[in-house]
Each structure stands twice: as C-alpha cells, then as structure tokens.
file target26.csv (CSV, C-alpha atoms)
chain,number,residue,atom,x,y,z
A,1,MET,CA,-20.9,-1.1,128.1
A,2,PHE,CA,-17.8,-3.2,128.7
A,3,ALA,CA,-20.0,-5.9,130.4
A,4,GLU,CA,-21.9,-6.3,127.1
A,5,TRP,CA,-18.7,-6.8,125.1
A,6,GLU,CA,-17.3,-9.2,127.7
A,7,GLU,CA,-20.5,-11.3,127.1
A,8,VAL,CA,-19.9,-11.1,123.3
A,9,MET,CA,-16.3,-12.2,123.9
A,10,ILE,CA,-17.4,-15.2,126.0
A,11,GLN,CA,-20.0,-16.3,123.5
A,12,GLU,CA,-17.7,-16.0,120.5
A,13,MET,CA,-14.3,-16.6,122.1
A,14,PRO,CA,-11.7,-16.6,119.4
A,15,ILE,CA,-9.6,-19.8,119.1
A,16,LYS,CA,-5.9,-19.6,119.7
A,17,GLY,CA,-4.2,-17.7,116.8
A,18,GLU,CA,-7.3,-15.7,115.8
A,19,LEU,CA,-8.1,-12.0,115.9
A,20,LYS,CA,-11.9,-11.3,115.7
A,21,ALA,CA,-13.3,-8.0,114.4
A,22,LYS,CA,-16.9,-6.8,114.9
A,23,LEU,CA,-18.4,-3.6,113.7
A,24,VAL,CA,-19.9,-1.7,116.6
A,25,THR,CA,-20.9,1.5,114.8
A,26,PRO,CA,-20.3,2.6,111.2
A,27,GLN,CA,-17.1,4.3,112.5
A,28,LYS,CA,-15.9,1.9,115.2
A,29,MET,CA,-14.8,-1.7,115.4
A,30,PHE,CA,-14.2,-4.0,118.3
A,31,LEU,CA,-11.2,-6.3,118.1
A,32,TYR,CA,-10.6,-9.3,120.5
A,33,TRP,CA,-8.2,-12.2,120.7
A,34,ASP,CA,-7.0,-14.9,123.0
A,35,ALA,CA,-4.0,-13.5,124.8
A,36,SER,CA,-2.1,-16.8,125.0
A,37,ASP,CA,1.6,-17.3,125.7
A,38,ILE,CA,2.2,-19.1,122.4
A,39,PRO,CA,3.0,-16.0,120.4
A,40,LYS,CA,5.2,-14.7,123.1
A,41,LYS,CA,7.2,-18.0,123.1
A,42,ILE,CA,7.5,-18.0,119.3
A,43,ILE,CA,8.8,-14.4,119.2
A,44,GLN,CA,11.2,-15.1,122.1
A,45,SER,CA,12.5,-18.3,120.5
A,46,PHE,CA,12.7,-17.1,116.9
A,47,PHE,CA,13.8,-13.5,117.3
A,48,HIS,CA,15.6,-13.8,120.7
A,49,LEU,CA,13.6,-10.9,122.0
A,50,ASN,CA,11.7,-10.5,125.3
A,51,PHE,CA,8.1,-10.1,124.3
A,52,ASP,CA,7.3,-8.1,127.4
A,53,LYS,CA,9.7,-5.4,126.3
A,54,LEU,CA,8.1,-5.1,122.8
A,55,VAL,CA,5.1,-2.8,122.1
A,56,PRO,CA,2.1,-4.6,120.7
A,57,ILE,CA,0.6,-2.8,117.8
A,58,VAL,CA,-2.7,-3.1,115.9
A,59,ARG,CA,-2.5,-2.2,112.2
A,60,ILE,CA,-5.7,-1.3,110.5
A,61,TYR,CA,-5.5,-1.8,106.7
A,62,ASP,CA,-7.8,-0.2,104.2
A,63,VAL,CA,-8.3,-3.1,101.7
A,64,THR,CA,-11.3,-1.8,99.8
A,65,GLU,CA,-11.8,-3.5,96.4
A,66,ILE,CA,-8.5,-5.4,96.5
A,67,ILE,CA,-7.3,-8.9,97.2
A,68,PHE,CA,-5.1,-8.2,100.2
A,69,ASN,CA,-1.7,-9.9,100.4
A,70,GLY,CA,-0.3,-8.2,103.5
A,71,LYS,CA,1.5,-5.4,101.6
A,72,ASN,CA,-0.9,-3.9,99.1
A,73,ALA,CA,-3.4,-2.0,101.2
A,74,HIS,CA,-4.4,1.5,100.1
A,75,HIS,CA,-3.1,2.7,103.4
A,76,PHE,CA,-2.9,1.7,107.1
A,77,TYR,CA,-2.5,3.2,110.5
A,78,GLU,CA,-1.2,1.8,113.8
A,79,VAL,CA,-2.4,1.9,117.4
A,80,SER,CA,-0.3,0.8,120.4
A,81,ILE,CA,-2.4,-1.6,122.5
A,82,SER,CA,-2.2,-3.9,125.5
A,83,TYR,CA,-1.8,-7.5,124.4
A,84,GLN,CA,-2.8,-9.0,127.7
A,85,GLN,CA,-6.1,-7.1,127.8
A,86,GLY,CA,-7.4,-9.3,124.9
A,87,PHE,CA,-9.6,-6.6,123.3
A,88,TRP,CA,-9.5,-3.1,121.8
A,89,PHE,CA,-11.8,-0.6,120.2
A,90,ILE,CA,-10.7,1.1,117.0
A,91,LYS,CA,-12.4,4.4,116.1
A,92,GLY,CA,-12.3,6.6,113.0
A,93,LEU,CA,-13.3,4.2,110.3
A,94,THR,CA,-14.5,5.7,107.0
A,95,ALA,CA,-17.9,4.8,105.5
A,96,ASN,CA,-18.1,2.4,102.6
A,97,ARG,CA,-14.6,0.9,103.1
A,98,SER,CA,-13.2,-2.6,103.8
A,99,TYR,CA,-10.8,-3.1,106.7
A,100,VAL,CA,-8.5,-5.9,107.9
A,101,ALA,CA,-6.7,-5.7,111.3
A,102,GLU,CA,-3.4,-7.2,112.3
A,103,LEU,CA,-2.0,-7.6,115.8
A,104,GLY,CA,1.8,-7.7,115.9
A,105,VAL,CA,5.0,-6.2,117.2
A,106,TYR,CA,8.0,-4.5,115.7
A,107,VAL,CA,11.0,-6.9,116.0
A,108,SER,CA,13.3,-4.1,114.7
A,109,GLU,CA,13.0,-0.4,113.9
A,110,THR,CA,11.3,-1.1,110.6
A,111,SER,CA,10.3,-4.8,110.7
A,112,PHE,CA,6.6,-5.5,111.7
A,113,PHE,CA,5.9,-9.1,112.7
A,114,PRO,CA,2.1,-9.9,112.6
A,115,ILE,CA,0.9,-12.3,115.2
A,116,PHE,CA,-2.9,-12.4,114.3
A,117,ARG,CA,-5.0,-11.2,111.3
A,118,SER,CA,-8.7,-10.6,111.3
A,119,THR,CA,-11.2,-11.3,108.6
A,120,CYS,CA,-12.3,-8.4,106.5
A,121,ILE,CA,-15.1,-6.1,107.8
A,122,HIS,CA,-17.1,-3.6,105.7
A,123,THR,CA,-18.4,-0.3,106.9
A,124,PRO,CA,-21.8,0.8,105.6
A,125,SER,CA,-22.2,3.6,103.1
A,126,ALA,CA,-22.9,7.0,104.6
A,127,ASP,CA,-25.6,7.7,102.1
A,128,ILE,CA,-27.1,6.1,99.0
A,129,PRO,CA,-26.5,7.9,95.7
A,130,LEU,CA,-29.8,9.1,94.1
A,131,SER,CA,-29.2,7.3,90.8
A,132,ASN,CA,-28.9,3.9,92.5
A,133,GLU,CA,-31.7,1.4,92.0
A,134,LEU,CA,-31.3,0.3,95.6
A,135,TYR,CA,-32.1,3.8,96.7
A,136,GLN,CA,-35.3,3.8,94.8
A,137,ASP,CA,-36.3,0.5,96.3
A,138,VAL,CA,-35.5,1.8,99.8
A,139,LEU,CA,-37.6,4.9,99.1
A,140,GLN,CA,-40.5,2.8,97.9
A,141,PHE,CA,-40.2,0.5,101.0
A,142,LYS,CA,-40.3,3.6,103.3
A,143,ARG,CA,-43.4,4.9,101.5
A,144,TYR,CA,-45.2,1.6,102.1
A,145,GLU,CA,-44.1,1.6,105.8
A,146,GLU,CA,-45.4,5.2,106.3
A,147,GLU,CA,-48.7,4.6,104.4
A,148,PRO,CA,-49.6,0.9,104.1
A,149,PRO,CA,-51.5,-0.2,101.0
A,150,LYS,CA,-55.3,-0.1,101.2
A,151,TRP,CA,-56.5,-3.6,100.7
A,152,ARG,CA,-60.0,-4.4,99.4
A,153,ASP,CA,-62.5,-6.9,100.7
A,154,TYR,CA,-63.1,-8.4,97.3
A,155,VAL,CA,-60.1,-9.7,95.4
A,156,SER,CA,-59.4,-12.4,92.9
A,157,THR,CA,-56.5,-14.8,93.7
A,158,TYR,CA,-53.1,-13.1,93.8
A,159,SER,CA,-54.4,-9.7,92.7
A,160,TYR,CA,-53.9,-6.3,94.3
A,161,TYR,CA,-56.1,-3.4,93.3
A,162,VAL,CA,-54.8,0.1,93.5
A,163,GLU,CA,-57.3,2.9,93.9
A,164,LYS,CA,-56.7,5.8,91.7
A,165,ASN,CA,-58.5,9.0,92.1
A,166,ARG,CA,-59.8,10.2,88.7
A,167,PRO,CA,-60.7,13.8,88.3
A,168,GLU,CA,-63.9,12.9,86.4
A,169,GLU,CA,-65.1,10.7,89.3
A,170,ASN,CA,-64.7,13.5,91.8
A,171,ASN,CA,-66.8,15.9,89.7
A,172,ALA,CA,-69.7,13.4,89.2
call {"tool": "encode", "arguments": {"input": "target26.csv", "output": "structure tokens"}}
result
Amino acid sequence: MFAEWEEVMIQEMPIKGELKAKLVTPQKMFLYWDASDIPKKIIQSFFHLNFDKLVPIVRIYDVTEIIFNGKNAHHFYEVSISYQQGFWFIKGLTANRSYVAELGVYVSETSFFPIFRSTCIHTPSADIPLSNELYQDVLQFKRYEEEPPKWRDYVSTYSYYVEKNRPEENNA
C-alpha cells in the first residue's frame, strides 16, 4: 500500500512550502510535503529554537461552510507526526465536512507556528436525504442501469418510445 502512495507522491511532488492533502477514503486523508531544511532554518533563526527538539504537529481544522482565516474553524484536533517522513495518514474524518490541514510546531507552551497549510478537502456525504432532487436523479439513473430502456427498430429522429402495458390490450 505504501508503494502506491510513494508513486502518488513522486507524480505530484509538492513544491517547497506546500502541504498536499488527498482524500483516500471518506474517513481518511493522506498528507504529504517536501521535508526541506528551509522551515527548520527559519524557526531556528527567528525563534532561536532547535527545530529537532520541537514536536511537529498536524492540525486538522473543520472549516465546513466558512471562509477560514486560521482561527475561526468549528473545531480542530492535533496529531504528533514525523516531519522528516514527508507524509502522514489522518483517520477519523466525518462525512459531509470540509477540512484544512496545517503542519507546524509549538514554539512555546501555547503558541502554535504553522509551517505549511493544505488546500481544503471535502468528505462525501454518508447518505443522500430522501427529499433531495439529486437523490431522485441517482435513483432514476440506477433504475436505468439495472434495466436498460427497450429501444424500438422504428423511430423518428430524436424520439424515444416508451412501451406502456395497458390492461385493455392484455385482455384482447
């Protein structure tokens, strides 16, 4: 399985300073990044901290139906990761939600410093509500897949004839 994801990473290698997010299943995302030394040097220069002593964190923000500004997420959770590995799987996503991931470190007890931010990904809906027009379209499409229409040999241009069984025809 990891060989497949290594191939994805090679084909779509993120540029420096980019965190890529791909939805693997409706409940799992795959994050990957270029583990360059540039962020390490910036943190060491600006904060006077040794990057190797800091714990890299991935924050997963729920940003469903909002314009995310970095602080206004509905909620978020954090996962400690290995920065040098360059990728991580995140499980436990909820259906029909939008997520943004950030990779960063805590530079103090309460101050999170983001290094990279992903684009937004959307998880699919678990089920389609019955009153939704899309649901009706999906049902109709499934019916046609299960029982394709019966075409006639004689048609006029752009016409489709539906055969209807009439009770009086069956009695004749």
call {"tool": "residues_around", "arguments": {"input": "target26.csv", "residues": "A:Ser125", "least_positions_apart": "3", "cutoff": "9 Å", "atoms": "all atoms listed in the file", "output": "JSON, numbers by chain"}}
result
{"A": [26, 94, 95, 96, 97, 128]}
call {"tool": "residues_around", "arguments": {"input": "target26.csv", "residues": "A:Leu93", "least_positions_apart": "6", "cutoff": "10 Å", "atoms": "only C-alpha atoms", "output": "tab-separated table (two decimals) with C-alpha atoms, in the coordinates of the input"}}
result
chain	number	residue	atom	x	y	z
A	23	LEU	CA	-18.40	-3.60	113.70
A	25	THR	CA	-20.90	1.50	114.80
A	26	PRO	CA	-20.30	2.60	111.20
A	27	GLN	CA	-17.10	4.30	112.50
A	28	LYS	CA	-15.90	1.90	115.20
A	29	MET	CA	-14.80	-1.70	115.40
A	60	ILE	CA	-5.70	-1.30	110.50
A	62	ASP	CA	-7.80	-0.20	104.20
A	99	TYR	CA	-10.80	-3.10	106.70
A	122	HIS	CA	-17.10	-3.60	105.70
A	123	THR	CA	-18.40	-0.30	106.90
call {"tool": "residues_around", "arguments": {"input": "target26.csv", "residues": "stretch 36-53 of chain A", "least_positions_apart": "4", "cutoff": "12 Å", "atoms": "all atoms listed in the file", "output": "PyMOL selection string"}}
result
chain A and resi 14-19+82-86+103-108+111-116
call {"tool": "atom_distance", "arguments": {"input": "target26.csv", "atom1": "atom CA of A:Tyr61", "atom2": "atom CA of A:Val79"}}
result
11.7 Å
call {"tool": "atom_distance", "arguments": {"input": "target26.csv", "atom1": "atom CA of A:Val100", "atom2": "atom CA of A:Arg117"}}
result
7.2 Å
call {"tool": "atom_distance", "arguments": {"input": "target26.csv", "atom1": "atom CA of A:Tyr32", "atom2": "atom CA of A:Ile67"}}
result
23.5 Å
call {"tool": "closest_residue", "arguments": {"input": "target26.csv", "among": "A:Ser80, A:Phe87, A:Ile57, A:Asn72", "to": "A:Leu31", "atoms": "only C-alpha atoms"}}
result
A:Phe87
call {"tool": "closest_residue", "arguments": {"input": "target26.csv", "among": "A:Ile90, A:Val24, A:Ile81, A:Ala101", "to": "A:Pro56", "atoms": "all atoms listed in the file"}}
result
A:Ile81
call {"tool": "closest_residue", "arguments": {"input": "target26.csv", "among": "A:Phe30, A:Ser98, A:Phe76, A:Ile66", "to": "A:Pro124", "atoms": "only C-alpha atoms"}}
result
A:Ser98
